[in-house]
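Single-structure report; data block below.
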Amino acid sequence: MTDLWVLYEHRGDTMEEATLGLVNEARRLLAQRGGDGRVTVVALGEDLEAGLQDLGTFGVDRVLYLESPDLGIYQGELYASLLSGLIKKHGPDYFLACHGPDNGDLCARLGATLESAVVTRALDLAWGEDGSWRAVRAVNNGYLFERLRLIRAQPLIASFLPAVLTPPQTGSDTQAPIVRVDYESLAPVTACELLEVIEADPGELDITEADIVVAVGRGVGQGDTFGVVHDLAQAIGGSLAATRPVVDRDLLPYERQIGQTGKTVAPKLIINCGISGANEYTAGMEKSQLVIALNTDPQARIFRFTDLGVLGDLHQVLPLLTQRLQELDPERG
Amino acid sequence: MLTSFDLLLIGLSLVIFGAGLLKLKAAWSQGRPARRPGDLKGLVLYLLGQREILENRVAGLAHLALFWGVCFYLALAILAQFGPVIPPGLARLVSLISDLLGVALLAGLIFFALRRLGDREAAAPRGVLLPVAVLLIVVLSGFWAEGARLNLAPEGASWHAPAGWFFALLSPASPLFMQIMVRIHFFAVLLLLALVPFTFLRHLVTSSLNVYYRRQEPAGVIEPVDWQQPVIGADQRRDFNWKQLLDAEACVSCGRCEQSCPANISGKPLSPRKVMRALHENLRGGGGMEQSVSQDELWACTTCMACLEKCPVFVEPLDKLVDMRRYQVLDRGRLPSEAREMMRDLELYADTYGRGPAHREDWALGLEVPHISNLPGEAEVLLWVGCSGAFHPQYQQVARSMAHILNAAGVNFGILGKEEACCGDAARRLGDEERFETLAKKNIAALDKYGVKTLVCLCPHCYNTLRNEYPALGGHYQILSAVEFALRLIAKKRIYPKYPLAGRLTIHDPCYLGRGNGIYQPLRDLVGSLPGASLVELEQSRENGFCCGGGGGRMWLHEKLGENINNLRAAQVAHSGVQTVATACPFCLTMLEDGINSLETERPAKVRDLIEIVAMSLGRAH
Ligand SMILES: Cc1cc2nc3c(=O)[nH]c(=O)nc-3n(C[C@H](O)[C@H](O)[C@H](O)COP(=O)(O)OP(=O)(O)OC[C@H]3O[C@@H](n4cnc5c(N)ncnc54)[C@H](O)[C@@H]3O)c2cc1C
Ligand code: SF4
Ligand code: SF4
């Protein structure tokens, strides 16, 4: 019987949509191989129970849950040691993950330990006519693609690009049993020990990775006027970004430019301060989830993209906002 | 009279000359095949007038003196071998001309020698000073020989040899001295001949050949890729075609391209002259162009064609850069990261804005803009909207203005709508020829499906691509620019511009209408046909027009080095003090507007497309 493993994706204690996308992919693979088998979700972490409850409704047959305070954040060596132990014990046929910096690292480690085929940045897996798996994956930063034949895949390890994953349409009301795995019995071996995690300053985070972006435009004005937006970014835990004129003026480095010739961002929240919303700018932020804009000009094009538009001078509005945020969360700022 | 030893020497230098030329030819023949029909008439006219060289006054005149001086003496020397009998009056005239030409030649030589000595640039061509020195010896020994002859002659110096008279003062009246000078003169001439293929003088041959084989199509055309070749694009010398290698031999490193290159002027490391020098060195030393032309240089080119326009010997630095980009993209997978998203949009959605065919007709919502298949009777024209007209918020206004003009004139027109794809200009100029071909073939299939014959293009980049580059892929249509078509509608009295334009207006020439396709005057005529027009020309206009910075895919690349090109152009516009700057290209429009905003002046000039201005004059208000 085919056993497909899917690595549970989560942020804090909540499940990430990508997990369901992977489950969907696993179901598709299973169908291709004749439909006989099961989909297992493997979860590593702490306090994940709540998110694991409903997986059965999305077509998961069982959940393996490995809980430990040591697993709060990703550690390549530890995770790989635990998972390869589990894989050797249970012998699944597939191990699927969602591609990201951590899982790219994890899959490579697993592949090396288990001496099995690994496809990172996978776009597609399909059963070839010659009876072996074929994969397509992105190389060169997604500009070129490779087609691969997987010769030895026991198990087949693949990390899929999130963009190709689609969650299942509807759920059923079946329950998937949650099987707890004993952490100690796996006796992970590692050569290094984690001492401390040094937190990144959210203001310094790469703008494409940040959940909250505070974007600044020419409206911020000349001279020593940058403090207000900086304070807001601090207070709200956002990453600072800018339009091209601001970058041209060397107020922020090019890495922080949003737009056609800069980066494309899709944060959960973007606050546009003093930005007119030229097409070259909006091309880089249109996919943001919640869009707020602050501008003195009611005709500004940016207001066509906003969920909340504020008409006003940023030098008056932002300090008030910052102050309110600091009251709510005195630790920041 | 010539002795047999002299004849032997002449033979020897001729053999060296010939062998050298064969070696030169072997160098550029390493290139791939290319079709270039020769243009003999063009070459003759060029050599006679040297108009292109004279674009630079001083150097041009010096060159003219050298060229005609040498030709004249050569002819004289050959004629003299036949010992013709000429009447004394004519002989005196010839003597005077030859004397004066000698002086001009000397002045030209000194000019070039000083210019080269003053030029510390490592990229300057090697082997210039030697031939100049030998030529100096030729001229001076000639004069001294003449001076000595005059001292010995009974009649002495006279009006028909003023320079000879001067040199007579400096030379003894000795037959031996005269003989020595004559011999030096003779040997130096032979040495010069033998030196031609091995020094800078090779340009006598290579530049002339380059003029003979010059491009007959408009400057905007980029040659297609030959997919049969083992390497796509070019890095090693064998990856270039023979004409491109001949270009490298023909370049005289005069620097005119560099002086008008917007990338260079705005402080980027790119210099078209250095690119040609690099290829020249490569022809001798080998190695890849990748090592001598950096990524920053390669991607700085806006494909503005100023280098083609300015080169006195028709060298084309641009097509080398495009081939090198092709190599980077198709062989190395090294498209600059900022442009990747756009290229993927082209792949997925067939437009540069990533919106998709479903939204291609959104700009025309509520307007009378039918699909080409829904027309009553045969279409007069198909309006080619382009990605910017379809998706860019400002240029959508221009597309709407064009639709308004066409409707006002009662033109039976349609659009391809969802079936129109990006023309492929940016993909091609960013080196992704595969993407270009895919898009072009898709468009050609759609146009042929509806039997389209005549198209009007809003965007000059579409215009150039469809008109000049689609024929190589089997797409043959009559292509007009929107400017030309609007002008025609006014001339035929199908529309009547009536509302006067306010304020003074200037024109920014889009590279792909102007230098690319020679369309300068229609823009002016169009402005002239509108009431109240008061046109002020920019200092750099027409052939000398300064690029906005947006061509060659630069719209999608970060301008990290030097100044922003659009800011430089915006400053020129501001300096002219006009209220409106009219252009006819979506990239120019965005670039200029952005540049003018960056100046943050009190009353910035308004940037408008000519089509918008015409529509406004017809009475369509935005
Ligand atoms: C080829 C090309 C590529 C480009 N690429 C990019 C790119 O990648 N990213 C990018 O951002 N731009 C890019 N641009 C530039 C783009 O076209 C716009 O010029 C730019 O985005 C405008 O920036 P802005 O909104 O900050 O400035 P502006 O357009 O000048 O807008 C400033 C806004 O601030 C408002 N304002 C003024 N004072 C205040 C105040 N006190 N309080 C609140 N609001 C105020 C004004 O009303 C105005 O709307 C590109 C341009 C070109 C030509
Ligand atoms: S095409 Fe224009 S930008 Fe490119 S090298 Fe020539 S002059 Fe410079
Ligand atoms: S390419 Fe032409 S313009 Fe440029 S340096 Fe060479 S000869 Fe001069």
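Residue numbering restarts at 1 for every chain of the structure tokens, chains are lettered A, B, ... in their displayed order, and ligands are numbered from 1 as they appear.
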
task: Write out as a ChimeraX atom specification each polymer residue (protein, DNA or RNA) that has an atom no more than 12 Å from ligand 3, with only C-alpha atoms and all ligand atoms counted.
output: /B:52-53,55-56,59,123-125,200,203,206-208,210-211,244,246-261,271-280,305-320

- request: Could you list, as a ChimeraX atom specification, the residues of chain B having an atom within 8 Å of chain A when counting only C-alpha atoms?
  value: /B:333,338-340,344,353,392-393,555-558,598

Restricting the output to N, CA, C and O atoms, write the selected residues as a tab-separated table (two decimals), in the first residue's frame.
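Result went into again_11.tsv, see below:
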```tsv
chain	number	residue	atom	x	y	z
B	333	GLY	N	21.25	31.93	-18.95
B	333	GLY	CA	20.11	32.12	-18.06
B	333	GLY	C	20.29	33.30	-17.12
B	333	GLY	O	19.92	33.25	-15.95
B	338	GLU	N	15.34	42.03	-12.13
B	338	GLU	CA	14.15	42.89	-12.14
B	338	GLU	C	13.25	42.59	-13.34
B	338	GLU	O	12.05	42.81	-13.30
B	339	ALA	N	13.87	42.10	-14.43
B	339	ALA	CA	13.08	41.91	-15.65
B	339	ALA	C	12.43	40.54	-15.71
B	339	ALA	O	11.61	40.26	-16.58
B	340	ARG	N	12.78	39.67	-14.75
B	340	ARG	CA	12.28	38.30	-14.84
B	340	ARG	C	10.77	38.24	-14.71
B	340	ARG	O	10.11	37.47	-15.40
B	344	ARG	N	8.22	36.62	-17.30
B	344	ARG	CA	7.28	35.56	-16.96
B	344	ARG	C	5.84	35.98	-17.30
B	344	ARG	O	5.04	35.18	-17.75
B	353	TYR	N	2.39	43.68	-18.71
B	353	TYR	CA	1.84	44.16	-17.45
B	353	TYR	C	1.27	43.04	-16.58
B	353	TYR	O	0.82	43.29	-15.47
B	392	HIS	N	-1.66	50.36	-19.50
B	392	HIS	CA	-1.06	51.42	-18.69
B	392	HIS	C	-2.08	52.54	-18.49
B	392	HIS	O	-2.63	53.05	-19.46
B	393	PRO	N	-2.33	52.93	-17.24
B	393	PRO	CA	-3.42	53.88	-17.00
B	393	PRO	C	-3.33	55.14	-17.85
B	393	PRO	O	-4.35	55.60	-18.36
B	555	MET	N	12.80	49.90	-19.38
B	555	MET	CA	11.63	50.20	-18.56
B	555	MET	C	11.53	49.25	-17.38
B	555	MET	O	10.91	49.56	-16.37
B	556	TRP	N	12.10	48.09	-17.49
B	556	TRP	CA	11.95	47.08	-16.44
B	556	TRP	C	13.25	46.87	-15.67
B	556	TRP	O	13.36	45.94	-14.91
B	557	LEU	N	14.25	47.69	-15.94
B	557	LEU	CA	15.52	47.51	-15.24
B	557	LEU	C	15.77	48.68	-14.30
B	557	LEU	O	15.43	49.81	-14.60
B	558	HIS	N	16.40	48.36	-13.21
B	558	HIS	CA	16.72	49.37	-12.21
B	558	HIS	C	17.91	50.20	-12.70
B	558	HIS	O	18.90	49.64	-13.16
B	598	SER	N	10.44	64.54	-10.91
B	598	SER	CA	11.62	64.49	-10.06
B	598	SER	C	12.28	65.84	-9.93
B	598	SER	O	12.96	66.11	-8.95
```

message: Give me the residues near segment 358-370 of chain B as a PyMOL selection string, where near means some atom within 12 Å (using only C-alpha atoms) and where sequence neighbours in that chain fewer than 4 positions away do not count.
response: chain B and resi 349-354+374-376+379+381-408+410-422

message: I need the residues of segment 284-384 of chain B that end up classed as strand (DSSP E or B) by DSSP on the backbone, written out as a PyMOL selection string.
response: chain B and resi 371+381-384

Output N, CA and C atoms of each residue in that selection to a file, as a PDB file, in the first residue's frame.
```
ATOM      1  N   HIS B 371     -14.363  44.533 -32.345  1.00  0.00           N
ATOM      2  CA  HIS B 371     -13.367  43.535 -32.704  1.00  0.00           C
ATOM      3  C   HIS B 371     -13.330  43.446 -34.233  1.00  0.00           C
ATOM      4  N   VAL B 381      -8.503  49.970 -41.467  1.00  0.00           N
ATOM      5  CA  VAL B 381      -7.278  49.657 -40.719  1.00  0.00           C
ATOM      6  C   VAL B 381      -7.612  48.848 -39.481  1.00  0.00           C
ATOM      7  N   LEU B 382      -6.564  48.179 -38.968  1.00  0.00           N
ATOM      8  CA  LEU B 382      -6.672  47.557 -37.658  1.00  0.00           C
ATOM      9  C   LEU B 382      -5.878  48.429 -36.700  1.00  0.00           C
ATOM     10  N   LEU B 383      -6.476  48.778 -35.581  1.00  0.00           N
ATOM     11  CA  LEU B 383      -5.746  49.568 -34.592  1.00  0.00           C
ATOM     12  C   LEU B 383      -4.966  48.620 -33.689  1.00  0.00           C
ATOM     13  N   TRP B 384      -3.638  48.737 -33.756  1.00  0.00           N
ATOM     14  CA  TRP B 384      -2.773  47.916 -32.897  1.00  0.00           C
ATOM     15  C   TRP B 384      -2.544  48.697 -31.619  1.00  0.00           C
TER      16      TRP B 384
END
```

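Pairwise distance (atom CA of Val58 of chain B, atom CA of Phe546 of chain B) equals 23.4 Å.
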
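Nearest-residue note for Leu114 of chain B: choosing from B:Leu592, B:Leu129, B:Val85, B:Ala570, the minimum distance belongs to B:Leu129, counting only C-alpha atoms.
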
message: Counting only C-alpha atoms, which residue out of B:Met181, B:Ala19, B:Ile222, B:Leu330 sits closest to Leu195 of chain B?
response: B:Ala19

Between chain A and ligand 1, at 10 Å or less, what are the per-residue closest atom pairs and their distances in Å? Count only C-alpha atoms and all ligand atoms, order by chain and rising residue number, and return it as JSON lines.
```
{"residue": "A:Ala215", "atom": "CA", "partner": "ligand 1", "partner_atom_place_in_ligand_line": "26 (O)", "distance": 9.1}
{"residue": "A:Val216", "atom": "CA", "partner": "ligand 1", "partner_atom_place_in_ligand_line": "26 (O)", "distance": 6.6}
{"residue": "A:Gly217", "atom": "CA", "partner": "ligand 1", "partner_atom_place_in_ligand_line": "26 (O)", "distance": 3.1}
{"residue": "A:Arg218", "atom": "CA", "partner": "ligand 1", "partner_atom_place_in_ligand_line": "26 (O)", "distance": 3.8}
{"residue": "A:Gly219", "atom": "CA", "partner": "ligand 1", "partner_atom_place_in_ligand_line": "34 (O)", "distance": 3.4}
{"residue": "A:Val220", "atom": "CA", "partner": "ligand 1", "partner_atom_place_in_ligand_line": "41 (N)", "distance": 6.0}
{"residue": "A:Gly221", "atom": "CA", "partner": "ligand 1", "partner_atom_place_in_ligand_line": "38 (N)", "distance": 6.6}
{"residue": "A:Thr225", "atom": "CA", "partner": "ligand 1", "partner_atom_place_in_ligand_line": "41 (N)", "distance": 10.0}
{"residue": "A:Ala241", "atom": "CA", "partner": "ligand 1", "partner_atom_place_in_ligand_line": "11 (O)", "distance": 9.4}
{"residue": "A:Ala242", "atom": "CA", "partner": "ligand 1", "partner_atom_place_in_ligand_line": "11 (O)", "distance": 6.5}
{"residue": "A:Thr243", "atom": "CA", "partner": "ligand 1", "partner_atom_place_in_ligand_line": "11 (O)", "distance": 3.1}
{"residue": "A:Arg244", "atom": "CA", "partner": "ligand 1", "partner_atom_place_in_ligand_line": "10 (C)", "distance": 4.1}
{"residue": "A:Pro245", "atom": "CA", "partner": "ligand 1", "partner_atom_place_in_ligand_line": "23 (O)", "distance": 5.5}
{"residue": "A:Val246", "atom": "CA", "partner": "ligand 1", "partner_atom_place_in_ligand_line": "26 (O)", "distance": 6.4}
{"residue": "A:Val247", "atom": "CA", "partner": "ligand 1", "partner_atom_place_in_ligand_line": "11 (O)", "distance": 8.5}
{"residue": "A:Asp248", "atom": "CA", "partner": "ligand 1", "partner_atom_place_in_ligand_line": "12 (N)", "distance": 9.8}
{"residue": "A:Tyr254", "atom": "CA", "partner": "ligand 1", "partner_atom_place_in_ligand_line": "8 (O)", "distance": 9.5}
{"residue": "A:Arg256", "atom": "CA", "partner": "ligand 1", "partner_atom_place_in_ligand_line": "9 (N)", "distance": 9.7}
{"residue": "A:Gln257", "atom": "CA", "partner": "ligand 1", "partner_atom_place_in_ligand_line": "9 (N)", "distance": 5.9}
{"residue": "A:Ile258", "atom": "CA", "partner": "ligand 1", "partner_atom_place_in_ligand_line": "9 (N)", "distance": 5.0}
{"residue": "A:Gly259", "atom": "CA", "partner": "ligand 1", "partner_atom_place_in_ligand_line": "8 (O)", "distance": 3.3}
{"residue": "A:Gln260", "atom": "CA", "partner": "ligand 1", "partner_atom_place_in_ligand_line": "8 (O)", "distance": 3.9}
{"residue": "A:Thr261", "atom": "CA", "partner": "ligand 1", "partner_atom_place_in_ligand_line": "8 (O)", "distance": 3.6}
{"residue": "A:Gly262", "atom": "CA", "partner": "ligand 1", "partner_atom_place_in_ligand_line": "8 (O)", "distance": 4.2}
{"residue": "A:Lys263", "atom": "CA", "partner": "ligand 1", "partner_atom_place_in_ligand_line": "8 (O)", "distance": 7.1}
{"residue": "A:Thr264", "atom": "CA", "partner": "ligand 1", "partner_atom_place_in_ligand_line": "8 (O)", "distance": 8.8}
{"residue": "A:Asn272", "atom": "CA", "partner": "ligand 1", "partner_atom_place_in_ligand_line": "25 (O)", "distance": 9.0}
{"residue": "A:Cys273", "atom": "CA", "partner": "ligand 1", "partner_atom_place_in_ligand_line": "43 (C)", "distance": 6.1}
{"residue": "A:Gly274", "atom": "CA", "partner": "ligand 1", "partner_atom_place_in_ligand_line": "34 (O)", "distance": 3.4}
{"residue": "A:Ile275", "atom": "CA", "partner": "ligand 1", "partner_atom_place_in_ligand_line": "25 (O)", "distance": 3.4}
{"residue": "A:Ser276", "atom": "CA", "partner": "ligand 1", "partner_atom_place_in_ligand_line": "49 (O)", "distance": 3.4}
{"residue": "A:Gly277", "atom": "CA", "partner": "ligand 1", "partner_atom_place_in_ligand_line": "25 (O)", "distance": 5.3}
{"residue": "A:Ala278", "atom": "CA", "partner": "ligand 1", "partner_atom_place_in_ligand_line": "21 (O)", "distance": 4.9}
{"residue": "A:Asn279", "atom": "CA", "partner": "ligand 1", "partner_atom_place_in_ligand_line": "17 (O)", "distance": 6.5}
{"residue": "A:Glu280", "atom": "CA", "partner": "ligand 1", "partner_atom_place_in_ligand_line": "6 (C)", "distance": 4.6}
{"residue": "A:Tyr281", "atom": "CA", "partner": "ligand 1", "partner_atom_place_in_ligand_line": "11 (O)", "distance": 4.0}
{"residue": "A:Thr282", "atom": "CA", "partner": "ligand 1", "partner_atom_place_in_ligand_line": "11 (O)", "distance": 7.6}
{"residue": "A:Ala283", "atom": "CA", "partner": "ligand 1", "partner_atom_place_in_ligand_line": "8 (O)", "distance": 8.0}
{"residue": "A:Gly284", "atom": "CA", "partner": "ligand 1", "partner_atom_place_in_ligand_line": "8 (O)", "distance": 7.1}
{"residue": "A:Met285", "atom": "CA", "partner": "ligand 1", "partner_atom_place_in_ligand_line": "11 (O)", "distance": 9.7}
{"residue": "A:Ala293", "atom": "CA", "partner": "ligand 1", "partner_atom_place_in_ligand_line": "44 (N)", "distance": 8.9}
{"residue": "A:Leu294", "atom": "CA", "partner": "ligand 1", "partner_atom_place_in_ligand_line": "43 (C)", "distance": 5.6}
{"residue": "A:Asn295", "atom": "CA", "partner": "ligand 1", "partner_atom_place_in_ligand_line": "44 (N)", "distance": 3.5}
{"residue": "A:Thr296", "atom": "CA", "partner": "ligand 1", "partner_atom_place_in_ligand_line": "44 (N)", "distance": 4.4}
{"residue": "A:Asp297", "atom": "CA", "partner": "ligand 1", "partner_atom_place_in_ligand_line": "47 (O)", "distance": 4.3}
{"residue": "A:Pro298", "atom": "CA", "partner": "ligand 1", "partner_atom_place_in_ligand_line": "47 (O)", "distance": 7.9}
{"residue": "A:Gln299", "atom": "CA", "partner": "ligand 1", "partner_atom_place_in_ligand_line": "49 (O)", "distance": 8.1}
{"residue": "A:Ala300", "atom": "CA", "partner": "ligand 1", "partner_atom_place_in_ligand_line": "49 (O)", "distance": 5.2}
{"residue": "A:Arg301", "atom": "CA", "partner": "ligand 1", "partner_atom_place_in_ligand_line": "49 (O)", "distance": 7.7}
{"residue": "A:Ile302", "atom": "CA", "partner": "ligand 1", "partner_atom_place_in_ligand_line": "49 (O)", "distance": 7.8}
{"residue": "A:Phe303", "atom": "CA", "partner": "ligand 1", "partner_atom_place_in_ligand_line": "49 (O)", "distance": 9.8}
{"residue": "A:Val310", "atom": "CA", "partner": "ligand 1", "partner_atom_place_in_ligand_line": "43 (C)", "distance": 9.0}
{"residue": "A:Leu311", "atom": "CA", "partner": "ligand 1", "partner_atom_place_in_ligand_line": "43 (C)", "distance": 7.6}
{"residue": "A:Gly312", "atom": "CA", "partner": "ligand 1", "partner_atom_place_in_ligand_line": "43 (C)", "distance": 5.8}
{"residue": "A:Asp313", "atom": "CA", "partner": "ligand 1", "partner_atom_place_in_ligand_line": "42 (N)", "distance": 3.5}
{"residue": "A:Leu314", "atom": "CA", "partner": "ligand 1", "partner_atom_place_in_ligand_line": "42 (N)", "distance": 3.9}
{"residue": "A:His315", "atom": "CA", "partner": "ligand 1", "partner_atom_place_in_ligand_line": "41 (N)", "distance": 5.9}
{"residue": "A:Gln316", "atom": "CA", "partner": "ligand 1", "partner_atom_place_in_ligand_line": "42 (N)", "distance": 8.1}
{"residue": "A:Val317", "atom": "CA", "partner": "ligand 1", "partner_atom_place_in_ligand_line": "42 (N)", "distance": 8.4}
{"residue": "A:Leu318", "atom": "CA", "partner": "ligand 1", "partner_atom_place_in_ligand_line": "42 (N)", "distance": 9.3}
```

task: Between atom CA of Asp124 of chain A and atom CA of Arg27 of chain A, measure the distance and give it in Å to one decimal.
output: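 So the two atoms, atom CA of Asp124 of chain A and atom CA of Arg27 of chain A, lie 13.8 Å apart.
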
message: Going by DSSP on the backbone, which residues of segment 171-248 of chain B come out as helix (DSSP H, G or I)? List them as an MDAnalysis selection string.
response: chainID B and resid 175:198 200:212 237:239 242:248

message: Between atom CA of Leu439 of chain B and atom CA of Met342 of chain B, what is the distance in Å, rounded to a tenth?
response: 13.8 Å

message: Give me the residues near segment 490-495 of chain B as JSON, numbers by chain, where near means some atom within 7 Å (using only C-alpha atoms) and where sequence neighbours in that chain fewer than 2 positions away do not count.
response: {"B": [408, 409, 486, 487, 488, 497]}

task: Tell me which of B:Thr583, B:Asn264, B:Ser174, B:Ser534 sits closest to ligand 2, counting only C-alpha atoms and all ligand atoms.
output: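 Selected residue with least distance to ligand 2: B:Asn264.
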
task: Considering only C-alpha atoms, return as a VMD selection string whatever protein or nucleic-acid residues lie within 9 Å of segment 95-105 of chain A, sequence-local ones (same chain, fewer than 4 positions apart) excluded.
output: chain A and resid 4 to 9 18 to 19 21 to 23 25 to 26 74 to 76 87 109 to 110 120 to 122 155 to 162 165

task: May I ask which of the residues B:Ala161, B:Val70, B:Ile265, B:Leu191 is the closest one to ligand 2, counting only C-alpha atoms and all ligand atoms?
output: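 Comparing B:Ala161, B:Val70, B:Ile265, B:Leu191 against ligand 2, the winner is B:Ile265.
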
query: Got a sec: who's within 12 Å of Leu526 of chain B, counting only C-alpha atoms, leaving out chain neighbours fewer than 5 positions off, as number ranges by chain?
result: B: 482-491, 497, 507, 519-521, 531, 533, 535, 582-584, 609-615, 617

Output N, CA and C atoms for every residue in the selection just made, as a compact mmCIF listing (two decimals), in the first residue's frame.
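The result, written out as selection-v4.txt:
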```
# COMPACT_ATOMS: atom_id res chain seq x y z
N ALA B 482 0.56 55.88 -35.57
CA ALA B 482 -0.66 56.65 -35.27
C ALA B 482 -0.48 58.10 -35.72
N VAL B 483 0.74 58.62 -35.56
CA VAL B 483 1.02 60.00 -35.94
C VAL B 483 0.80 60.19 -37.45
N GLU B 484 1.37 59.29 -38.23
CA GLU B 484 1.22 59.40 -39.68
C GLU B 484 -0.25 59.30 -40.08
N PHE B 485 -0.95 58.39 -39.42
CA PHE B 485 -2.35 58.18 -39.82
C PHE B 485 -3.21 59.39 -39.45
N ALA B 486 -2.97 59.93 -38.27
CA ALA B 486 -3.74 61.12 -37.85
C ALA B 486 -3.48 62.27 -38.81
N LEU B 487 -2.21 62.39 -39.20
CA LEU B 487 -1.84 63.46 -40.13
C LEU B 487 -2.58 63.28 -41.46
N ARG B 488 -2.65 62.04 -41.89
CA ARG B 488 -3.33 61.75 -43.15
C ARG B 488 -4.82 62.09 -43.06
N LEU B 489 -5.41 61.77 -41.90
CA LEU B 489 -6.84 62.07 -41.73
C LEU B 489 -7.09 63.58 -41.78
N ILE B 490 -6.15 64.34 -41.23
CA ILE B 490 -6.30 65.80 -41.26
C ILE B 490 -6.12 66.30 -42.69
N ALA B 491 -5.09 65.79 -43.37
CA ALA B 491 -4.80 66.23 -44.73
C ALA B 491 -5.97 65.93 -45.66
N PRO B 497 -9.29 69.59 -36.65
CA PRO B 497 -8.88 70.12 -35.35
C PRO B 497 -9.32 71.58 -35.27
N ILE B 507 8.64 69.09 -28.90
CA ILE B 507 8.49 67.68 -29.28
C ILE B 507 9.69 66.89 -28.79
N ILE B 519 11.13 58.87 -38.89
CA ILE B 519 9.90 59.66 -38.83
C ILE B 519 10.11 60.85 -37.87
N TYR B 520 10.49 61.98 -38.44
CA TYR B 520 10.66 63.20 -37.65
C TYR B 520 9.64 64.25 -38.07
N GLN B 521 9.56 64.46 -39.39
CA GLN B 521 8.75 65.56 -39.90
C GLN B 521 7.25 65.37 -39.63
N PRO B 531 -4.59 74.24 -34.73
CA PRO B 531 -4.65 75.70 -34.55
C PRO B 531 -3.92 76.13 -33.28
N ALA B 533 -0.81 76.35 -32.66
CA ALA B 533 0.42 75.65 -32.28
C ALA B 533 1.61 76.60 -32.29
N LEU B 535 5.43 75.92 -31.78
CA LEU B 535 6.41 74.85 -31.56
C LEU B 535 7.79 75.42 -31.27
N ALA B 582 5.29 67.25 -26.14
CA ALA B 582 4.51 66.24 -26.85
C ALA B 582 5.45 65.14 -27.30
N THR B 583 4.99 63.90 -27.16
CA THR B 583 5.77 62.79 -27.66
C THR B 583 4.80 61.82 -28.30
N ALA B 584 5.26 60.65 -28.66
CA ALA B 584 4.37 59.72 -29.33
C ALA B 584 4.75 58.30 -28.97
N ASP B 609 0.83 62.75 -25.14
CA ASP B 609 1.04 62.09 -26.42
C ASP B 609 0.37 62.95 -27.50
N LEU B 610 1.00 63.00 -28.68
CA LEU B 610 0.45 63.81 -29.76
C LEU B 610 -0.99 63.42 -30.09
N ILE B 611 -1.28 62.14 -29.96
CA ILE B 611 -2.62 61.66 -30.28
C ILE B 611 -3.65 62.26 -29.33
N GLU B 612 -3.26 62.37 -28.07
CA GLU B 612 -4.13 63.01 -27.08
C GLU B 612 -4.36 64.47 -27.46
N ILE B 613 -3.28 65.12 -27.90
CA ILE B 613 -3.37 66.54 -28.23
C ILE B 613 -4.30 66.73 -29.43
N VAL B 614 -4.18 65.86 -30.41
CA VAL B 614 -5.07 65.96 -31.56
C VAL B 614 -6.52 65.77 -31.12
N ALA B 615 -6.74 64.75 -30.28
CA ALA B 615 -8.12 64.48 -29.84
C ALA B 615 -8.67 65.67 -29.07
N SER B 617 -7.87 68.74 -29.52
CA SER B 617 -8.15 69.80 -30.47
C SER B 617 -9.44 69.52 -31.25
```

message: From the options B:Glu223, B:Asp323, B:Glu290, B:Glu297, which residue's atoms come nearest to ligand 2, counting only C-alpha atoms and all ligand atoms?
response: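 Looking only at the distances to ligand 2, the closest residue turns out to be B:Glu297.
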